[in-house]
$ cat work-v6.cif   # mmCIF, C-alpha atoms and all ligand atoms
data_query
#
loop_
_atom_site.label_atom_id
_atom_site.label_comp_id
_atom_site.auth_asym_id
_atom_site.auth_seq_id
_atom_site.Cartn_x
_atom_site.Cartn_y
_atom_site.Cartn_z
CA MET A 1 89.75 67.74 126.39
CA SER A 2 90.37 71.07 127.99
CA VAL A 3 92.50 73.77 126.36
CA THR A 4 94.99 75.77 128.44
CA ILE A 5 96.30 78.98 126.92
CA LEU A 6 99.17 81.21 128.00
CA ALA A 7 98.20 84.72 126.87
CA ILE A 8 100.45 87.75 126.52
CA GLU A 9 99.41 91.41 126.09
CA SER A 10 101.72 94.42 125.62
CA SER A 11 99.94 96.70 123.13
CA CYS A 12 100.05 99.89 125.19
CA ASP A 13 101.17 100.56 128.77
CA GLU A 14 100.25 97.33 130.53
CA THR A 15 102.61 94.34 130.50
CA ALA A 16 100.28 91.40 131.10
CA ALA A 17 100.18 87.60 131.04
CA SER A 18 97.46 85.15 131.96
CA ILE A 19 96.60 81.47 131.99
CA VAL A 20 93.06 80.77 130.76
CA VAL A 21 91.40 77.35 130.51
CA ASP A 22 88.68 76.70 127.94
CA GLY A 23 88.17 80.37 127.13
CA LYS A 24 86.58 81.10 130.48
CA ASN A 25 88.41 79.89 133.53
CA VAL A 26 91.02 82.52 134.41
CA LYS A 27 93.73 80.76 136.44
CA SER A 28 95.97 83.82 136.71
CA ASN A 29 95.82 87.40 135.49
CA VAL A 30 99.06 89.29 136.05
CA ILE A 31 99.15 92.96 135.05
CA TYR A 32 102.12 95.24 135.46
CA SER A 33 100.75 98.74 134.88
CA GLN A 34 103.12 101.46 133.73
CA ILE A 35 100.67 104.26 134.54
CA GLU A 36 102.89 105.80 137.24
CA LEU A 37 105.75 106.14 134.73
CA HIS A 38 103.66 107.88 132.09
CA LYS A 39 101.74 110.17 134.49
CA LEU A 40 104.67 112.54 134.49
CA TYR A 41 104.12 113.18 130.75
CA GLY A 42 100.31 113.31 130.80
CA GLY A 43 100.00 110.30 128.48
CA VAL A 44 101.74 107.18 127.22
CA VAL A 45 105.26 107.77 125.84
CA PRO A 46 105.76 104.94 123.29
CA GLU A 47 109.53 104.55 123.67
CA ILE A 48 109.31 104.40 127.47
CA ALA A 49 106.47 101.86 127.18
CA SER A 50 108.53 99.56 124.92
CA ARG A 51 111.56 99.67 127.19
CA LYS A 52 109.51 98.90 130.29
CA HIS A 53 107.80 95.98 128.51
CA VAL A 54 111.23 94.51 127.71
CA GLU A 55 112.21 94.85 131.36
CA LYS A 56 109.04 93.29 132.77
CA ILE A 57 107.74 90.74 130.29
CA THR A 58 109.69 87.66 131.39
CA GLN A 59 108.88 88.24 135.05
CA VAL A 60 105.16 88.83 134.31
CA ILE A 61 104.94 85.63 132.24
CA ASP A 62 106.75 83.58 134.91
CA THR A 63 104.43 84.92 137.61
CA ALA A 64 101.33 84.11 135.53
CA ILE A 65 102.50 80.49 135.11
CA GLN A 66 103.41 80.15 138.80
CA GLU A 67 100.17 81.68 140.09
CA ALA A 68 98.12 79.38 137.87
CA ASN A 69 100.16 76.43 139.10
CA VAL A 70 100.48 74.89 135.64
CA THR A 71 103.45 73.20 133.99
CA TRP A 72 104.63 73.81 130.43
CA ASP A 73 103.32 70.34 129.54
CA GLU A 74 99.81 71.48 130.40
CA ILE A 75 99.96 74.60 128.20
CA ASP A 76 98.39 73.89 124.78
CA ALA A 77 99.11 77.17 122.99
CA ILE A 78 100.50 80.68 123.35
CA ALA A 79 98.21 83.57 122.40
CA VAL A 80 99.54 87.08 121.92
CA THR A 81 98.17 90.49 120.94
CA TYR A 82 99.71 91.48 117.59
CA GLY A 83 97.62 94.60 116.90
CA PRO A 84 96.33 97.23 117.01
CA GLY A 85 98.55 99.23 119.35
CA LEU A 86 101.97 100.88 119.65
CA VAL A 87 104.34 99.07 117.31
CA GLY A 88 107.32 98.95 119.68
CA ALA A 89 105.14 97.83 122.58
CA LEU A 90 103.41 95.12 120.51
CA LEU A 91 106.75 93.81 119.25
CA VAL A 92 107.90 93.00 122.77
CA GLY A 93 104.91 90.70 123.42
CA VAL A 94 105.03 89.18 119.94
CA SER A 95 108.77 88.46 120.21
CA ALA A 96 108.39 86.91 123.67
CA ALA A 97 105.48 84.74 122.48
CA LYS A 98 107.39 83.59 119.39
CA ALA A 99 110.51 82.76 121.40
CA LEU A 100 108.53 80.74 123.95
CA ALA A 101 106.42 78.98 121.32
CA PHE A 102 109.61 78.01 119.46
CA ALA A 103 111.53 76.91 122.54
CA LYS A 104 108.63 74.97 124.09
CA ASN A 105 107.25 73.71 120.80
CA LYS A 106 103.74 75.18 121.25
CA PRO A 107 101.33 76.56 118.65
CA LEU A 108 101.36 80.35 118.31
CA VAL A 109 98.05 82.20 118.01
CA GLY A 110 97.97 85.93 117.22
CA VAL A 111 95.02 87.83 118.70
CA HIS A 112 93.38 91.14 117.83
CA HIS A 113 93.42 93.46 120.86
CA ILE A 114 89.85 94.73 120.40
CA GLU A 115 88.50 91.23 119.79
CA GLY A 116 90.14 90.48 123.14
CA HIS A 117 88.29 93.36 124.82
CA ILE A 118 85.01 92.00 123.42
CA ALA A 119 85.85 88.44 124.55
CA ALA A 120 86.37 89.66 128.14
CA ASN A 121 82.57 89.56 128.38
CA TYR A 122 82.55 85.74 128.21
CA ILE A 123 84.61 85.34 131.40
CA GLU A 124 81.83 86.10 133.88
CA ASN A 125 78.65 86.16 131.80
CA ASP A 126 77.79 82.49 131.23
CA GLU A 127 74.63 83.16 129.30
CA LEU A 128 76.15 85.65 126.83
CA LYS A 129 76.58 84.12 123.38
CA PRO A 130 76.83 85.68 119.91
CA PRO A 131 75.12 87.32 118.18
CA PHE A 132 75.10 90.53 120.22
CA MET A 133 75.93 94.22 119.87
CA CYS A 134 79.12 95.37 121.58
CA LEU A 135 80.09 98.93 122.37
CA VAL A 136 83.89 99.02 122.47
CA ALA A 137 85.15 102.21 124.11
CA SER A 138 88.81 102.49 125.08
CA GLY A 139 91.66 104.97 124.96
CA GLY A 140 92.23 104.36 121.27
CA HIS A 141 88.89 103.05 119.98
CA SER A 142 85.17 103.76 119.97
CA HIS A 143 83.33 101.21 117.88
CA LEU A 144 79.96 99.58 117.67
CA VAL A 145 80.65 95.99 116.71
CA LEU A 146 78.07 93.44 115.67
CA VAL A 147 79.48 90.20 117.10
CA LYS A 148 78.02 87.66 114.68
CA ASP A 149 79.98 84.73 116.08
CA TYR A 150 83.00 84.17 118.33
CA ASN A 151 85.30 84.87 115.38
CA GLN A 152 83.08 86.98 113.19
CA PHE A 153 82.72 90.73 113.59
CA GLU A 154 81.20 93.60 111.69
CA ILE A 155 81.90 97.22 112.59
CA ILE A 156 78.70 99.17 112.17
CA GLY A 157 79.70 102.43 113.89
CA ARG A 158 82.92 104.20 114.72
CA THR A 159 84.31 107.48 115.99
CA ARG A 160 85.06 110.11 113.37
CA ASP A 161 87.75 111.71 115.51
CA ASP A 162 88.67 111.14 119.17
CA ALA A 163 88.02 107.87 120.97
CA ALA A 164 85.78 108.14 124.06
CA GLY A 165 88.65 107.35 126.46
CA GLU A 166 90.85 109.90 124.71
CA ALA A 167 88.18 112.57 125.27
CA PHE A 168 88.03 111.62 128.97
CA ASP A 169 91.83 111.88 129.20
CA LYS A 170 92.01 115.26 127.41
CA VAL A 171 89.20 116.85 129.43
CA ALA A 172 90.71 115.52 132.66
CA ARG A 173 94.00 117.12 131.75
CA ALA A 174 92.27 120.44 131.00
CA ILE A 175 90.65 120.54 134.44
CA GLY A 176 93.88 119.47 136.10
CA LEU A 177 93.01 115.92 137.11
CA GLY A 178 96.00 114.20 135.50
CA TYR A 179 96.39 110.92 133.60
CA PRO A 180 94.53 108.61 133.08
CA GLY A 181 91.51 110.83 133.15
CA GLY A 182 88.66 108.33 132.87
CA PRO A 183 88.64 106.98 136.43
CA LYS A 184 89.24 110.49 137.82
CA ILE A 185 86.35 112.06 135.92
CA ASP A 186 84.19 109.08 136.90
CA ALA A 187 84.92 109.70 140.61
CA LEU A 188 84.66 113.50 140.53
CA SER A 189 81.40 113.39 138.57
CA LYS A 190 79.68 111.81 141.55
CA GLU A 191 80.04 115.17 143.34
CA GLY A 192 78.83 117.26 140.39
CA ASN A 193 75.60 118.07 138.59
CA PRO A 194 75.40 116.45 135.12
CA LYS A 195 72.87 119.11 134.05
CA ALA A 196 74.92 122.10 135.26
CA ILE A 197 76.46 122.93 131.86
CA SER A 198 74.92 122.15 128.52
CA PHE A 199 77.60 120.59 126.30
CA PRO A 200 76.85 119.52 122.69
CA ARG A 201 75.95 115.98 121.59
CA ALA A 202 77.23 115.42 118.06
CA ASN A 203 74.75 114.09 115.57
CA ILE A 204 76.37 112.59 112.48
CA GLU A 205 74.16 112.79 109.43
CA ASP A 206 75.77 110.28 107.10
CA GLY A 207 76.67 107.57 109.62
CA LYS A 208 73.80 106.90 111.97
CA TYR A 209 75.85 104.82 114.44
CA ASP A 210 79.03 106.92 114.28
CA PHE A 211 80.43 109.05 117.10
CA SER A 212 82.34 112.32 117.31
CA PHE A 213 83.87 113.67 120.49
CA SER A 214 86.20 116.43 119.30
CA GLY A 215 83.42 119.07 119.25
CA LEU A 216 82.47 118.17 122.80
CA LYS A 217 86.12 118.36 123.88
CA SER A 218 86.46 121.82 122.27
CA ALA A 219 83.23 122.95 123.95
CA VAL A 220 84.66 122.01 127.35
CA LEU A 221 87.93 123.84 126.60
CA ASN A 222 86.00 126.92 125.38
CA TYR A 223 83.87 126.86 128.53
CA LEU A 224 87.00 126.74 130.72
CA ASN A 225 88.59 129.64 128.78
CA MET A 226 85.42 131.66 129.00
CA CYS A 227 85.28 131.18 132.80
CA GLU A 228 88.89 132.23 133.12
CA MET A 229 88.40 135.37 131.02
CA LYS A 230 85.30 136.41 132.93
CA ASN A 231 86.82 135.47 136.27
CA ILE A 232 84.07 132.96 136.96
CA GLU A 233 85.06 130.27 139.44
CA ILE A 234 85.13 126.83 137.77
CA ASN A 235 83.23 124.04 139.48
CA LYS A 236 85.35 121.08 138.33
CA ALA A 237 82.85 118.50 139.53
CA ASP A 238 80.06 120.12 137.48
CA VAL A 239 82.30 120.29 134.38
CA ALA A 240 83.29 116.62 134.82
CA ALA A 241 79.71 115.46 135.40
CA SER A 242 78.27 117.49 132.50
CA PHE A 243 80.99 116.32 130.10
CA GLN A 244 80.61 112.69 131.20
CA GLN A 245 76.83 112.90 130.77
CA ALA A 246 77.24 114.12 127.18
CA VAL A 247 79.60 111.21 126.36
CA ILE A 248 77.50 108.48 127.94
CA GLU A 249 74.25 109.71 126.39
CA VAL A 250 75.72 109.53 122.89
CA LEU A 251 77.34 106.13 123.54
CA THR A 252 74.16 104.70 125.04
CA ASP A 253 71.77 106.09 122.42
CA ASN A 254 73.85 104.78 119.50
CA ALA A 255 74.42 101.39 121.09
CA ILE A 256 70.73 100.83 121.88
CA LYS A 257 69.66 102.00 118.41
CA ALA A 258 72.29 99.73 116.77
CA ALA A 259 71.23 96.71 118.85
CA LYS A 260 67.54 97.15 118.06
CA GLU A 261 67.96 97.87 114.37
CA ASN A 262 70.21 94.83 113.94
CA ASN A 263 67.83 92.51 115.77
CA CYS A 264 70.13 91.83 118.71
CA THR A 265 68.61 90.76 122.01
CA SER A 266 71.78 91.50 123.98
CA ILE A 267 74.16 94.37 124.33
CA ALA A 268 77.63 94.34 125.91
CA LEU A 269 80.33 96.86 126.84
CA ALA A 270 84.07 96.46 126.33
CA GLY A 271 87.29 98.48 126.73
CA GLY A 272 88.58 100.77 129.47
CA VAL A 273 85.60 103.15 129.36
CA ALA A 274 83.31 100.15 130.05
CA SER A 275 84.34 100.46 133.68
CA ASN A 276 82.68 103.89 133.90
CA THR A 277 79.98 103.65 136.56
CA SER A 278 77.56 106.12 134.98
CA LEU A 279 77.88 104.50 131.55
CA ARG A 280 77.04 101.12 133.08
CA GLU A 281 74.06 102.53 135.02
CA ASN A 282 72.68 104.43 132.04
CA MET A 283 73.17 101.49 129.68
CA LYS A 284 71.49 99.11 132.13
CA LYS A 285 68.49 101.43 132.50
CA GLU A 286 68.08 101.97 128.75
CA ALA A 287 68.64 98.29 127.91
CA GLU A 288 65.91 97.30 130.39
CA LYS A 289 63.55 99.90 128.92
CA ASN A 290 64.14 98.43 125.47
CA GLY A 291 63.91 94.78 126.47
CA LEU A 292 67.60 94.04 125.88
CA ASN A 293 69.92 91.94 128.06
CA PHE A 294 72.91 93.93 129.22
CA TYR A 295 76.42 92.66 130.06
CA HIS A 296 79.81 94.07 130.92
CA PRO A 297 83.08 92.62 132.25
CA SER A 298 84.37 93.40 135.76
CA SER A 299 86.61 96.46 135.76
CA ILE A 300 89.80 94.39 135.97
CA PHE A 301 88.84 92.75 132.64
CA CYS A 302 87.75 96.07 131.03
CA THR A 303 91.11 97.84 131.02
CA ASP A 304 94.03 96.15 129.28
CA ASN A 305 94.76 92.62 130.53
CA ALA A 306 95.92 89.30 129.12
CA ALA A 307 92.98 87.18 130.36
CA MET A 308 90.82 88.68 127.60
CA ILE A 309 93.53 87.69 125.07
CA GLY A 310 93.42 84.15 126.50
CA VAL A 311 89.66 84.03 125.91
CA ALA A 312 89.80 85.39 122.35
CA GLY A 313 92.88 83.20 121.75
CA TYR A 314 90.88 80.13 122.78
CA TYR A 315 88.22 80.80 120.14
CA GLU A 316 90.95 81.40 117.53
CA TYR A 317 92.73 78.20 118.59
CA ILE A 318 89.67 75.95 118.38
CA ASN A 319 88.87 77.58 115.04
CA GLY A 320 92.27 76.44 113.73
CA THR A 321 94.20 79.73 113.75
CA ARG A 322 97.97 79.11 113.88
CA HIS A 323 100.61 81.74 113.22
CA GLY A 324 104.14 81.19 111.95
CA TRP A 325 107.47 82.65 113.02
CA ASP A 326 106.82 85.52 110.64
CA LEU A 327 104.00 86.87 112.84
CA ASN A 328 104.59 90.61 113.07
CA ALA A 329 103.15 93.50 115.06
CA VAL A 330 100.42 95.24 113.07
CA PRO A 331 99.79 98.66 114.68
CA ASN A 332 96.64 99.41 112.65
CA LEU A 333 95.14 95.90 112.46
CA LYS A 334 91.43 96.14 111.61
CA ILE A 335 88.72 94.28 113.52
CA GLY A 336 87.96 91.00 111.79
CA GLU A 337 91.19 91.21 109.75
CA ARG A 338 93.58 88.22 109.96
CA GLN A 339 97.27 88.09 109.08
O1 LIG B 401 91.16 99.58 127.12
P1 LIG B 401 92.14 100.46 127.75
O2 LIG B 401 92.78 100.03 129.07
O3 LIG B 401 93.35 100.78 126.80
C1 LIG B 401 93.19 100.91 125.42
O4 LIG B 401 93.14 99.87 124.72
O5 LIG B 401 93.07 102.10 125.00
O6 LIG B 401 91.43 101.87 127.95
C2 LIG B 401 92.05 102.95 128.58
C3 LIG B 401 91.09 104.12 128.54
C4 LIG B 401 91.72 105.42 129.06
O7 LIG B 401 91.43 106.44 128.13
C5 LIG B 401 91.01 105.65 130.38
O8 LIG B 401 90.88 107.03 130.72
C6 LIG B 401 89.66 105.02 130.13
O9 LIG B 401 89.95 103.86 129.38
N1 LIG B 401 88.98 104.65 131.37
C7 LIG B 401 87.81 105.20 131.78
C8 LIG B 401 87.53 104.63 133.07
N2 LIG B 401 88.52 103.76 133.37
C9 LIG B 401 89.40 103.77 132.33
N3 LIG B 401 87.00 106.09 131.19
C10 LIG B 401 85.90 106.47 131.85
N4 LIG B 401 85.56 106.01 133.09
C11 LIG B 401 86.34 105.08 133.73
N5 LIG B 401 86.00 104.64 134.93
ZN ZN B 402 92.74 98.13 125.22
#

$ encode --input "work-v6.cif" --output "C-alpha cells" --more "lines below"
Ligand code: KG4
Ligand code: ZN
Amino acid sequence: MSVTILAIESSCDETAASIVVDGKNVKSNVIYSQIELHKLYGGVVPEIASRKHVEKITQVIDTAIQEANVTWDEIDAIAVTYGPGLVGALLVGVSAAKALAFAKNKPLVGVHHIEGHIAANYIENDELKPPFMCLVASGGHSHLVLVKDYNQFEIIGRTRDDAAGEAFDKVARAIGLGYPGGPKIDALSKEGNPKAISFPRANIEDGKYDFSFSGLKSAVLNYLNMCEMKNIEINKADVAASFQQAVIEVLTDNAIKAAKENNCTSIALAGGVASNTSLRENMKKEAEKNGLNFYHPSSIFCTDNAAMIGVAGYYEYINGTRHGWDLNAVPNLKIGERQ
C-alpha cells in the first residue's frame, strides 16, 4: 500500500506545499518565495513573513494538490513543519494543517524542519540509507548530525555562534551584494581568487566537531574597514572567494573527520548552503580521498521546500507519529525532540 502525504512548510520566508508518495516520489513541489519582499530590509522581517504566509498558504496548498493530480481521498496524512523557525510563520502552516486534517479527517503529523532538510537527500539518492553523517548548513543552523536511522538523530557538532548561511548573508551585505547573500557570494567567487586574502579558520578546542563563524565575519569586516581607511581598492570577488574558501574548508574538514571517527561510510549535505557549488566540489573531492560516498539534494530541495517535509513526514507516519489538535509551533525545537 502506498502512502500519499500532503506536506506544508512555512517556517521562514517560503510558503510551500507538496504531495509526496512513499517518502520519495515528489508529485508536486510548490514554493512561493518571499525573498523579493524581504530584500528591501536586508533580511527576513518576521511580521511581514507571517502576514504573507496567511495570504498565500491556501493558494499554495491548492496548487500542490492540483499539480499532483490527486484527490483528497488519495491523501493519507498531512505533514507540517512545527519547528524550529519563526513562531508566527510556523503557526500559519500548523493552523492550516490542523484545519485541513480536521475538516478532511486525516491524520496530522508534525515534522522537524531540520529533519526535513536531512530527508531531502532520500528524494534523488536511491542508495543512501542510514547510518550516515549529515552536514546541515542553513540560514539558521550549522550542525553535524549522525543520522542513525530515519527517525533517529544525534547532534555531534554545532556552531558556537553564527550559522554558515548567516555568515554568507552578513558578509554579502558588507560587500554590498544584498540578500540572500549565499547564492550571490557563490556566483561572485567564481571570478575571484580564494587565496587572495588569508582569513582565519576557527579551531575550537573543547568541541572537536563544532564550528564558529563570527571571528571570520569580523575578520572580513575589519579587512573592508582597513581597505577603506588606507584607500585601497576592494576587489569584491577576491573577498567573496577568500571568505567562502574559509567557510567551506572548516565545514568540509569537520564533516569528513566526524564521518570517519563515527564509522560512517557515507556523508550528505543538507540546508540552503548545501547548494553552494564550491562546498559540493570540495566535499566531493575530500570524500573521494577518504573513501566515503558523498550525496546532496538538488538545489531546489536544499533551500526551504515542502517536499522534504513530505519525505520526513512519511518516515514519521510509518513509525506511528500522530499529532493532536493541540500541536503547537515550537520555535526552538531540538533535533530528535518530539512533542
Ligand atoms: O535552508 P534555508 O533555505 O533556510 C533556513 O532554514 O535557514 O537556507 C537559507 C540560507 C541563506 O542563508 C542563504 O544565503 C544560504 O542558505 N544559501 C547559500 C546558497 N544558497 C542559499 N549559501 C551559500 N551558497 C549558496 N549557493
Ligand atoms: Zn531551512

$ residues_around --input "work-v6.cif" --residues "Gly139 of chain A" --least-positions-apart "4" --cutoff "10 Å" --atoms "only C-alpha atoms" --output "ChimeraX atom specification"
/A:12,162-169,180,182,271-273,303

$ residues_near_point --input "work-v6.cif" --point "(108.7, 107.1, 127.1)" --cutoff "12 Å" --atoms "all atoms listed in the file" --output "PyMOL selection string"
chain A and resi 12-13+34-53+86+88-89

$ closest_atom_pairs --input "work-v6.cif" --of "chain A" --to "ligand ZN 402 (chain B)" --cutoff "12 Å" --atoms "only C-alpha atoms and all ligand atoms" --output "tab-separated table"
residue	atom	partner	partner_atom	distance
A:Glu9	CA	B:ZN402	ZN	9.5
A:Ser10	CA	B:ZN402	ZN	9.7
A:Ser11	CA	B:ZN402	ZN	7.6
A:Cys12	CA	B:ZN402	ZN	7.5
A:Asp13	CA	B:ZN402	ZN	9.5
A:Glu14	CA	B:ZN402	ZN	9.2
A:Thr15	CA	B:ZN402	ZN	11.8
A:Ala16	CA	B:ZN402	ZN	11.7
A:Thr81	CA	B:ZN402	ZN	10.3
A:Gly83	CA	B:ZN402	ZN	10.3
A:Pro84	CA	B:ZN402	ZN	9.0
A:Gly85	CA	B:ZN402	ZN	8.3
A:Leu86	CA	B:ZN402	ZN	11.1
A:His112	CA	B:ZN402	ZN	10.2
A:His113	CA	B:ZN402	ZN	6.4
A:Ile114	CA	B:ZN402	ZN	6.6
A:Glu115	CA	B:ZN402	ZN	9.8
A:Gly116	CA	B:ZN402	ZN	8.3
A:His117	CA	B:ZN402	ZN	6.5
A:Ile118	CA	B:ZN402	ZN	10.0
A:Ala119	CA	B:ZN402	ZN	11.9
A:Ala120	CA	B:ZN402	ZN	11.0
A:Val136	CA	B:ZN402	ZN	9.3
A:Ala137	CA	B:ZN402	ZN	8.7
A:Ser138	CA	B:ZN402	ZN	5.9
A:Gly139	CA	B:ZN402	ZN	6.9
A:Gly140	CA	B:ZN402	ZN	7.4
A:His141	CA	B:ZN402	ZN	8.2
A:Ser142	CA	B:ZN402	ZN	10.8
A:Ala163	CA	B:ZN402	ZN	11.6
A:Gly165	CA	B:ZN402	ZN	10.2
A:Glu166	CA	B:ZN402	ZN	11.9
A:Ala270	CA	B:ZN402	ZN	8.9
A:Gly271	CA	B:ZN402	ZN	5.7
A:Gly272	CA	B:ZN402	ZN	6.5
A:Val273	CA	B:ZN402	ZN	9.7
A:Ala274	CA	B:ZN402	ZN	10.8
A:Ile300	CA	B:ZN402	ZN	11.8
A:Phe301	CA	B:ZN402	ZN	10.0
A:Cys302	CA	B:ZN402	ZN	7.9
A:Thr303	CA	B:ZN402	ZN	6.0
A:Asp304	CA	B:ZN402	ZN	4.7
A:Asn305	CA	B:ZN402	ZN	7.9
A:Ala306	CA	B:ZN402	ZN	10.2
A:Met308	CA	B:ZN402	ZN	9.9
A:Ile309	CA	B:ZN402	ZN	10.5

$ closest_residue --input "work-v6.cif" --among "A:Ile197, A:Val20, A:Met226, A:Leu6" --to "Val109 of chain A" --atoms "only C-alpha atoms"
A:Leu6

$ atom_distance --input "work-v6.cif" --atom1 "atom CA of Ala329 of chain A" --atom2 "atom CA of Lys56 of chain A"
18.7 Å

$ closest_residue --input "work-v6.cif" --among "A:Phe153, A:Tyr82, A:Phe199, A:Tyr317" --to "Asp22 of chain A" --atoms "all atoms listed in the file"
A:Tyr317

$ atom_distance --input "work-v6.cif" --atom1 "atom CA of Leu128 of chain A" --atom2 "atom CA of Gln245 of chain A"
27.5 Å

$ closest_residue --input "work-v6.cif" --among "A:His323, A:Lys98, A:Lys170, A:Lys129" --to "ligand LIG 401 (chain B)" --atoms "all atoms listed in the file"
A:Lys170

$ atom_distance --input "work-v6.cif" --atom1 "atom CA of Tyr122 of chain A" --atom2 "atom CA of Asn254 of chain A"
22.7 Å

$ closest_residue --input "work-v6.cif" --among "A:Ile234, A:Ile31, A:Val94, A:Leu327" --to "ligand LIG 401 (chain B)" --atoms "only C-alpha atoms and all ligand atoms"
A:Ile31

$ closest_residue --input "work-v6.cif" --among "A:Gly336, A:Gly178, A:Gly313, A:Pro200" --to "ligand LIG 401 (chain B)" --atoms "only C-alpha atoms and all ligand atoms"
A:Gly178

$ closest_residue --input "work-v6.cif" --among "A:Ile65, A:Ala237, A:Ala172, A:Ile232" --to "ligand LIG 401 (chain B)" --atoms "all atoms listed in the file"
A:Ala172

$ residues_around --input "work-v6.cif" --residues "Val250 of chain A" --least-positions-apart "3" --cutoff "8 Å" --atoms "all atoms listed in the file" --output "PyMOL selection string"
chain A and resi 201-202+211+246-247+253-254

$ residues_near_point --input "work-v6.cif" --point "(83.6, 115.7, 140.0)" --cutoff "9 Å" --atoms "only C-alpha atoms" --output "ChimeraX atom specification"
/A:184-193,235-241

$ residues_around --input "work-v6.cif" --residues "Glu249 of chain A" --least-positions-apart "5" --cutoff "10 Å" --atoms "only C-alpha atoms" --output "list in words"
Arg201, Gln244, Asn254, Ala255, Ser278, Leu279, Asn282 and Met283 of chain A
